[in-house]
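Single-structure report; data block below.
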Amino acid sequence: MSLWIIDKSAMATFVANVMGDYRVVGPKAKGPQFAFDEIEDPAELRLDYNTSILPPKKYFQPQEERLMTFKRNGDSAPEAVIEAEATVIFGVHTCDLHAMRVLDQAFTQNFPDAHYLTRRRQALLIGIECLEPCDEHSFCKSMGTLTISEGYDLHLTDLGDVYAVDVGSEEGLTLLKTYSDARLATESDMQQLNRALSAKWPRFPYKLELDVDELPALMSQSYNNPIWETLAEKCLACGTCNIVCPTCFCFNVYDEVDLNLENGERSRRWDSCMLDVFARVAGGENFREQRSARLRHRFMRKGLYLVERYKHLGCVGCGRCARLCLADISPINVFNELHE
Amino acid sequence: MTQIAEELLYLPVMAKVLEVESLTELEKLFLIQLPDGHSLGNAPGQFVEVSLFGIGEAPISVSSSPSRSNGAFELCIRRVGDLTNALHTLQPGDTVGIRGPFGHGFSLEKMKGKDILFAAGGLGLAPLRSLINQVLDERGSFGRVIILYGTKQPKEILFKEELQEWADRKDVEFHLTVDRGDETWRGNVGVITTLFSKIALNSRNTVAAICGPPIMYRFVLMELMGKGIPETQIYLSLERRMKCGVGKCGHCQINNLYCCLDGPVFKYSQIKGVEEAL
Ligand SMILES: Cc1cc2nc3c(=O)[nH]c(=O)nc-3n(C[C@H](O)[C@H](O)[C@H](O)COP(=O)(O)OP(=O)(O)OC[C@H]3O[C@@H](n4cnc5c(N)ncnc54)[C@H](O)[C@@H]3O)c2cc1C
Ligand code: SF4
Ligand code: SF4
Ligand code: FES
């Protein structure tokens with residue numbers, strides 16, 4: 001829409017001003033790592049973070065969230081609970097912005113889901129362009145998520161002493177104008193931005209041994225590949241890969257009753273298709289009993305099923321699952337082995 | 001697809017249990033009425049999500065046919081776990097939470113003018129009964145009506161009085177079998193596929209609707225294929241774990257299909273190459 005420039009030294013004021021009217025979240029140091037968390041002091045915001053343990057997805061689909069409250073006795077109807085707060089999320093990497101498009105589709109298509117959408121509508125996303133690879137596990141360039149041209153309200157690129165701010169929505173523009181002293185970019189700012197963007201490209205390796213557009217076709221031919229058995233021998237079926245993935249959105253639903261047995265709540269929690277009980281029905285039948293079948297299902301979702309349904313790949317190459325997998329299972333290696 | 005205001009997607013309405021009838025040791029039939037005289041507006045083969053607050057929610061097929069709704073609907077529920085056991089303690093006048101109807105049911109219009117073959121195993125009769133009675137209430141629009149029903153033992157047979165009515169009708173061909181008989185059993189003994197030898201089918205003009213335990217599908221399909229019934233004329237209702245009923249929670253996936261959205265009723269041609277389906 002339009003390109004603006006904000007001084008790095010003015011960022012703290014921008015963040016502080018926004019904090020006056022919004023909950024502000026962003027990457028913060030957490031020991032040697034980084035995590036998205038509420039910003040209480042603008043100095044905590046670490047836009048130079050490499051990657052976060054969990055993706056910012058948690059602000060739209062929290063690990064656990066109440067769906068309704070109810071009374072155990074009597075015939076009174078349950079009451080819907082939708083907890084949403086006007087929020088500005090700073091520092092979302094482009095892989096995670098791509099992942100949001102999958103979630104947006106999933107929670108909008110067929111039956112719109114107010115719990116997700118209410119929070120989504122009350123949030124502004126401020127992206128930040130990665131200029132260096134975060135570590136050896138990521139493969140965003142391979143998945144086509146190394147950059148993005150939409151899906152954010154504002155998008156920052158580090159140009160040394162200043163950030164270039166690309167405006168992606170009217171709301172973003174209003175936020176920028178209301179809370180910051182950013183100025184419109186000049187011709188020379190634009191040239192500097194273009195130089196930075198083209199200079200970053202060679203720094204990122206393309207790790208996929210095929211064109212990413214061919215991935216869905218590869219996956220659809222790989223259903224009976226022996227790789228699923230081989231991987232299943234290493235995989236612990238711990239579900240960590242699902243928990244940290246920015247495009248995983250499956251959940252389970254639980255009822256809880258408080259100690260006086262009168263009031264309770266129904267909530268949903270993240271769930272994992274890698275866990276043994278995920279597809280088990282009453283009567284004992286388990287439709288994905290084999291670990292290999294569950295691994296295959298997870299990868300088929302990432303490389304095929306989600307594209308078919310939501311038009312976006314289910315793997316954005318963030319590397320989070322590979323970083324934490326005790327069995328060293330990384331999607332990029334799986335895709336490449338399938339290609340061999 | 002039914003439209004639901006987004007903030008009400010997961011919120012059940014409080015419905016009243018009007019009648020409870022014990023059908024077998026394990027199954028009870030519940031007659032349920034929505035508040036404010038709302039009709040459920042279901043198609044045969046669709047399901048509702050049934051809640052008891054503090055215990056949980058489960059998908060249950062609507063067992064009554066829309067043609068006999070009278071402002072209420074029936075659920076035939078087998079007790080197998082936490083929620084279904086608790087549902088079995090309900091009395092007339094009690095309330096349950098209901099969401100739905102959800103899912104794709106049977107395409108009644110595509111069945112008109114055709115011979116209809118129903119094959120139900122065990123509790124699979126519960127969802128098929130909705131379609132059977134709908135067909136019988138529009139009897140003139142269909143060709144032959146053939147109903148095959150099998151259970152493990154005589155004591156598991158559901159809807160005995162209704163089965164007798166079907167058996168007594170001249171325009172219904174009804175065959176019942178049990179895997180194992182008992183002292184008093186005088187009928188057929190053998191799995192449901194043994195009933196196929198008793199019927200001759202005009203295969204091109206026959207539509208089949210099947211529902212039963214997972215093991216049954218393969219064998220019944222083999223019989224139907226053997227008789228030359230086209231894959232596009234075979235409907236199956238599948239069961240999967242479901243935690244939302246609306247295509248979000250992911251539990252009900254069958255490869256790239258969502259049982260709750262794309263099913264539970266599928267055409268065989270739709271799931272033939274889908275490895276996790278059968
Ligand atoms: C589309 C559809 C239509 C259906 N229609 C009908 C119908 O018309 N009538 C009907 O009776 N049923 C129907 N069902 C099945 C019904 O939904 C289940 O029987 C019901 O969900 C069981 O819930 P529950 O809480 O009673 O059992 P649960 O308590 O959930 O469990 C039942 C059994 O499975 C075991 N189990 C389940 N989960 C776990 C776990 N995580 N770990 C260990 N063990 C576990 C339990 O030990 C228990 O023995 C239908 C299902 C679908 C999908
Ligand atoms: S994180 Fe690794 S070991 Fe754990 S379930 Fe995923 S692939 Fe298997
Ligand atoms: S599958 Fe792994 S690398 Fe791909 S988006 Fe999910 S967490 Fe990131
Ligand atoms: S039951 Fe939740 S996705 Fe189908």
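All residue names refer to the structure tokens as shown: chains lettered A, B, ... in order, residues numbered from 1 in each chain, ligands numbered from 1 in order.
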
Collect all residues with atoms no farther than 8 Å from ligand 3, counting only C-alpha atoms and all ligand atoms, and output them as number ranges by chain. A: 95, 99, 138-139, 241-242, 244-248, 299, 302, 314-322, 330-332

Hey, which residues sit close to ligand 1? Say within 8 Å, counting only C-alpha atoms and all ligand atoms, and write them as a PyMOL selection string. (chain A and resi 277-278+280-284) or (chain B and resi 27+46-48+55-63+75-86+103+123-124+126-127+237-242+252+259-260+263-264)

Residues of chain B within 8 Å of chain A, counting only C-alpha atoms, as a ChimeraX atom specification: /B:1,3-4,6-14,53-56,80-81,94-95,240-241,243-244,246-252,255-256,276

With C-alpha atoms retained, export the selected residues as a tab-separated table (two decimals), in the first residue's frame.
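Here's the written file part.tsv:
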```
chain	number	residue	atom	x	y	z
B	1	MET	CA	-24.93	-26.95	4.87
B	3	GLN	CA	-25.72	-22.03	8.74
B	4	ILE	CA	-24.76	-21.47	12.35
B	6	GLU	CA	-20.23	-18.38	14.54
B	7	GLU	CA	-20.43	-17.67	18.24
B	8	LEU	CA	-22.95	-20.50	18.65
B	9	LEU	CA	-20.90	-23.10	16.78
B	10	TYR	CA	-19.98	-25.17	19.83
B	11	LEU	CA	-22.90	-24.17	22.03
B	12	PRO	CA	-25.54	-26.87	22.48
B	13	VAL	CA	-29.19	-25.97	22.95
B	14	MET	CA	-31.04	-27.55	25.85
B	53	PHE	CA	-22.42	-31.00	30.88
B	54	GLY	CA	-19.58	-32.12	33.08
B	55	ILE	CA	-19.28	-35.40	31.22
B	56	GLY	CA	-18.84	-34.59	27.56
B	80	VAL	CA	-19.97	-48.03	25.81
B	81	GLY	CA	-18.26	-45.35	27.92
B	94	ASP	CA	-34.50	-34.51	31.81
B	95	THR	CA	-32.52	-32.28	29.47
B	240	ARG	CA	-14.77	-42.01	13.38
B	241	ARG	CA	-13.66	-40.29	16.58
B	243	LYS	CA	-14.57	-33.93	18.89
B	244	CYS	CA	-16.30	-31.06	17.08
B	246	VAL	CA	-17.76	-29.23	12.18
B	247	GLY	CA	-14.44	-29.89	10.46
B	248	LYS	CA	-12.08	-28.26	12.95
B	249	CYS	CA	-10.73	-30.68	15.57
B	250	GLY	CA	-9.14	-33.06	13.05
B	251	HIS	CA	-10.04	-36.27	14.86
B	252	CYS	CA	-12.37	-37.68	12.23
B	255	ASN	CA	-6.88	-39.29	4.65
B	256	ASN	CA	-7.89	-35.90	3.22
B	276	GLU	CA	-7.87	-45.15	5.59
```

Tell me which protein, DNA and RNA residues are within 12 Å of Val18 of chain A, counting only C-alpha atoms, leaving out same-chain ones fewer than 6 positions away, and put them as a count of residues only. 22

Selection near Glu129 of chain A, 10 Å with only C-alpha atoms, sequence-local residues under 4 positions removed, as a PyMOL selection string: chain A and resi 47+91-95+146-148+155-158+164+197+200

Let's have the selection written as a PDB file, in the first residue's frame, with N, CA, C and O atoms.
```
ATOM      1  N   LEU A  47      13.198  -7.726  18.419  1.00  0.00           N
ATOM      2  CA  LEU A  47      12.898  -7.939  17.003  1.00  0.00           C
ATOM      3  C   LEU A  47      14.051  -8.657  16.287  1.00  0.00           C
ATOM      4  O   LEU A  47      13.882  -9.147  15.179  1.00  0.00           O
ATOM      5  N   GLY A  91       6.751  -8.439  15.432  1.00  0.00           N
ATOM      6  CA  GLY A  91       7.868  -9.342  15.174  1.00  0.00           C
ATOM      7  C   GLY A  91       7.509 -10.715  14.645  1.00  0.00           C
ATOM      8  O   GLY A  91       8.195 -11.686  14.948  1.00  0.00           O
ATOM      9  N   VAL A  92       6.448 -10.796  13.840  1.00  0.00           N
ATOM     10  CA  VAL A  92       6.066 -12.105  13.307  1.00  0.00           C
ATOM     11  C   VAL A  92       6.893 -12.378  12.044  1.00  0.00           C
ATOM     12  O   VAL A  92       6.873 -11.590  11.096  1.00  0.00           O
ATOM     13  N   HIS A  93       7.627 -13.486  12.049  1.00  0.00           N
ATOM     14  CA  HIS A  93       8.424 -13.835  10.874  1.00  0.00           C
ATOM     15  C   HIS A  93       7.530 -14.267   9.713  1.00  0.00           C
ATOM     16  O   HIS A  93       6.387 -14.684   9.916  1.00  0.00           O
ATOM     17  N   THR A  94       8.088 -14.213   8.511  1.00  0.00           N
ATOM     18  CA  THR A  94       7.249 -14.465   7.336  1.00  0.00           C
ATOM     19  C   THR A  94       6.746 -15.904   7.280  1.00  0.00           C
ATOM     20  O   THR A  94       5.650 -16.156   6.791  1.00  0.00           O
ATOM     21  N   CYS A  95       7.535 -16.868   7.810  1.00  0.00           N
ATOM     22  CA  CYS A  95       7.040 -18.250   7.833  1.00  0.00           C
ATOM     23  C   CYS A  95       5.748 -18.306   8.641  1.00  0.00           C
ATOM     24  O   CYS A  95       4.770 -18.934   8.235  1.00  0.00           O
ATOM     25  N   LEU A 146      10.033 -17.373   2.481  1.00  0.00           N
ATOM     26  CA  LEU A 146      11.136 -16.497   2.876  1.00  0.00           C
ATOM     27  C   LEU A 146      10.726 -15.030   2.857  1.00  0.00           C
ATOM     28  O   LEU A 146      11.345 -14.187   3.488  1.00  0.00           O
ATOM     29  N   THR A 147       9.676 -14.744   2.115  1.00  0.00           N
ATOM     30  CA  THR A 147       9.156 -13.382   2.147  1.00  0.00           C
ATOM     31  C   THR A 147       7.650 -13.470   1.957  1.00  0.00           C
ATOM     32  O   THR A 147       7.106 -14.555   1.768  1.00  0.00           O
ATOM     33  N   ILE A 148       6.975 -12.340   2.058  1.00  0.00           N
ATOM     34  CA  ILE A 148       5.509 -12.348   1.931  1.00  0.00           C
ATOM     35  C   ILE A 148       5.064 -10.954   1.504  1.00  0.00           C
ATOM     36  O   ILE A 148       5.731  -9.960   1.834  1.00  0.00           O
ATOM     37  N   HIS A 155       4.689  -4.391   8.028  1.00  0.00           N
ATOM     38  CA  HIS A 155       5.790  -5.343   7.912  1.00  0.00           C
ATOM     39  C   HIS A 155       7.117  -4.581   7.908  1.00  0.00           C
ATOM     40  O   HIS A 155       7.327  -3.675   7.112  1.00  0.00           O
ATOM     41  N   LEU A 156       7.991  -4.958   8.844  1.00  0.00           N
ATOM     42  CA  LEU A 156       9.240  -4.235   9.053  1.00  0.00           C
ATOM     43  C   LEU A 156      10.406  -4.926   8.345  1.00  0.00           C
ATOM     44  O   LEU A 156      10.451  -6.148   8.282  1.00  0.00           O
ATOM     45  N   THR A 157      11.316  -4.115   7.843  1.00  0.00           N
ATOM     46  CA  THR A 157      12.591  -4.640   7.365  1.00  0.00           C
ATOM     47  C   THR A 157      13.693  -3.789   7.973  1.00  0.00           C
ATOM     48  O   THR A 157      13.646  -2.552   7.895  1.00  0.00           O
ATOM     49  N   ASP A 158      14.673  -4.459   8.579  1.00  0.00           N
ATOM     50  CA  ASP A 158      15.773  -3.778   9.252  1.00  0.00           C
ATOM     51  C   ASP A 158      16.721  -3.195   8.214  1.00  0.00           C
ATOM     52  O   ASP A 158      17.306  -3.932   7.423  1.00  0.00           O
ATOM     53  N   ALA A 164      12.261  -0.095   7.505  1.00  0.00           N
ATOM     54  CA  ALA A 164      11.270   0.205   6.481  1.00  0.00           C
ATOM     55  C   ALA A 164       9.978  -0.460   6.930  1.00  0.00           C
ATOM     56  O   ALA A 164       9.999  -1.591   7.417  1.00  0.00           O
ATOM     57  N   LEU A 197      16.692  -6.454   0.401  1.00  0.00           N
ATOM     58  CA  LEU A 197      15.904  -7.649   0.092  1.00  0.00           C
ATOM     59  C   LEU A 197      16.615  -8.551  -0.916  1.00  0.00           C
ATOM     60  O   LEU A 197      16.585  -9.775  -0.780  1.00  0.00           O
ATOM     61  N   LYS A 200      19.634 -10.388   0.781  1.00  0.00           N
ATOM     62  CA  LYS A 200      19.376 -11.467   1.741  1.00  0.00           C
ATOM     63  C   LYS A 200      19.207 -12.809   1.030  1.00  0.00           C
ATOM     64  O   LYS A 200      19.518 -13.854   1.587  1.00  0.00           O
TER      65      LYS A 200
END
```
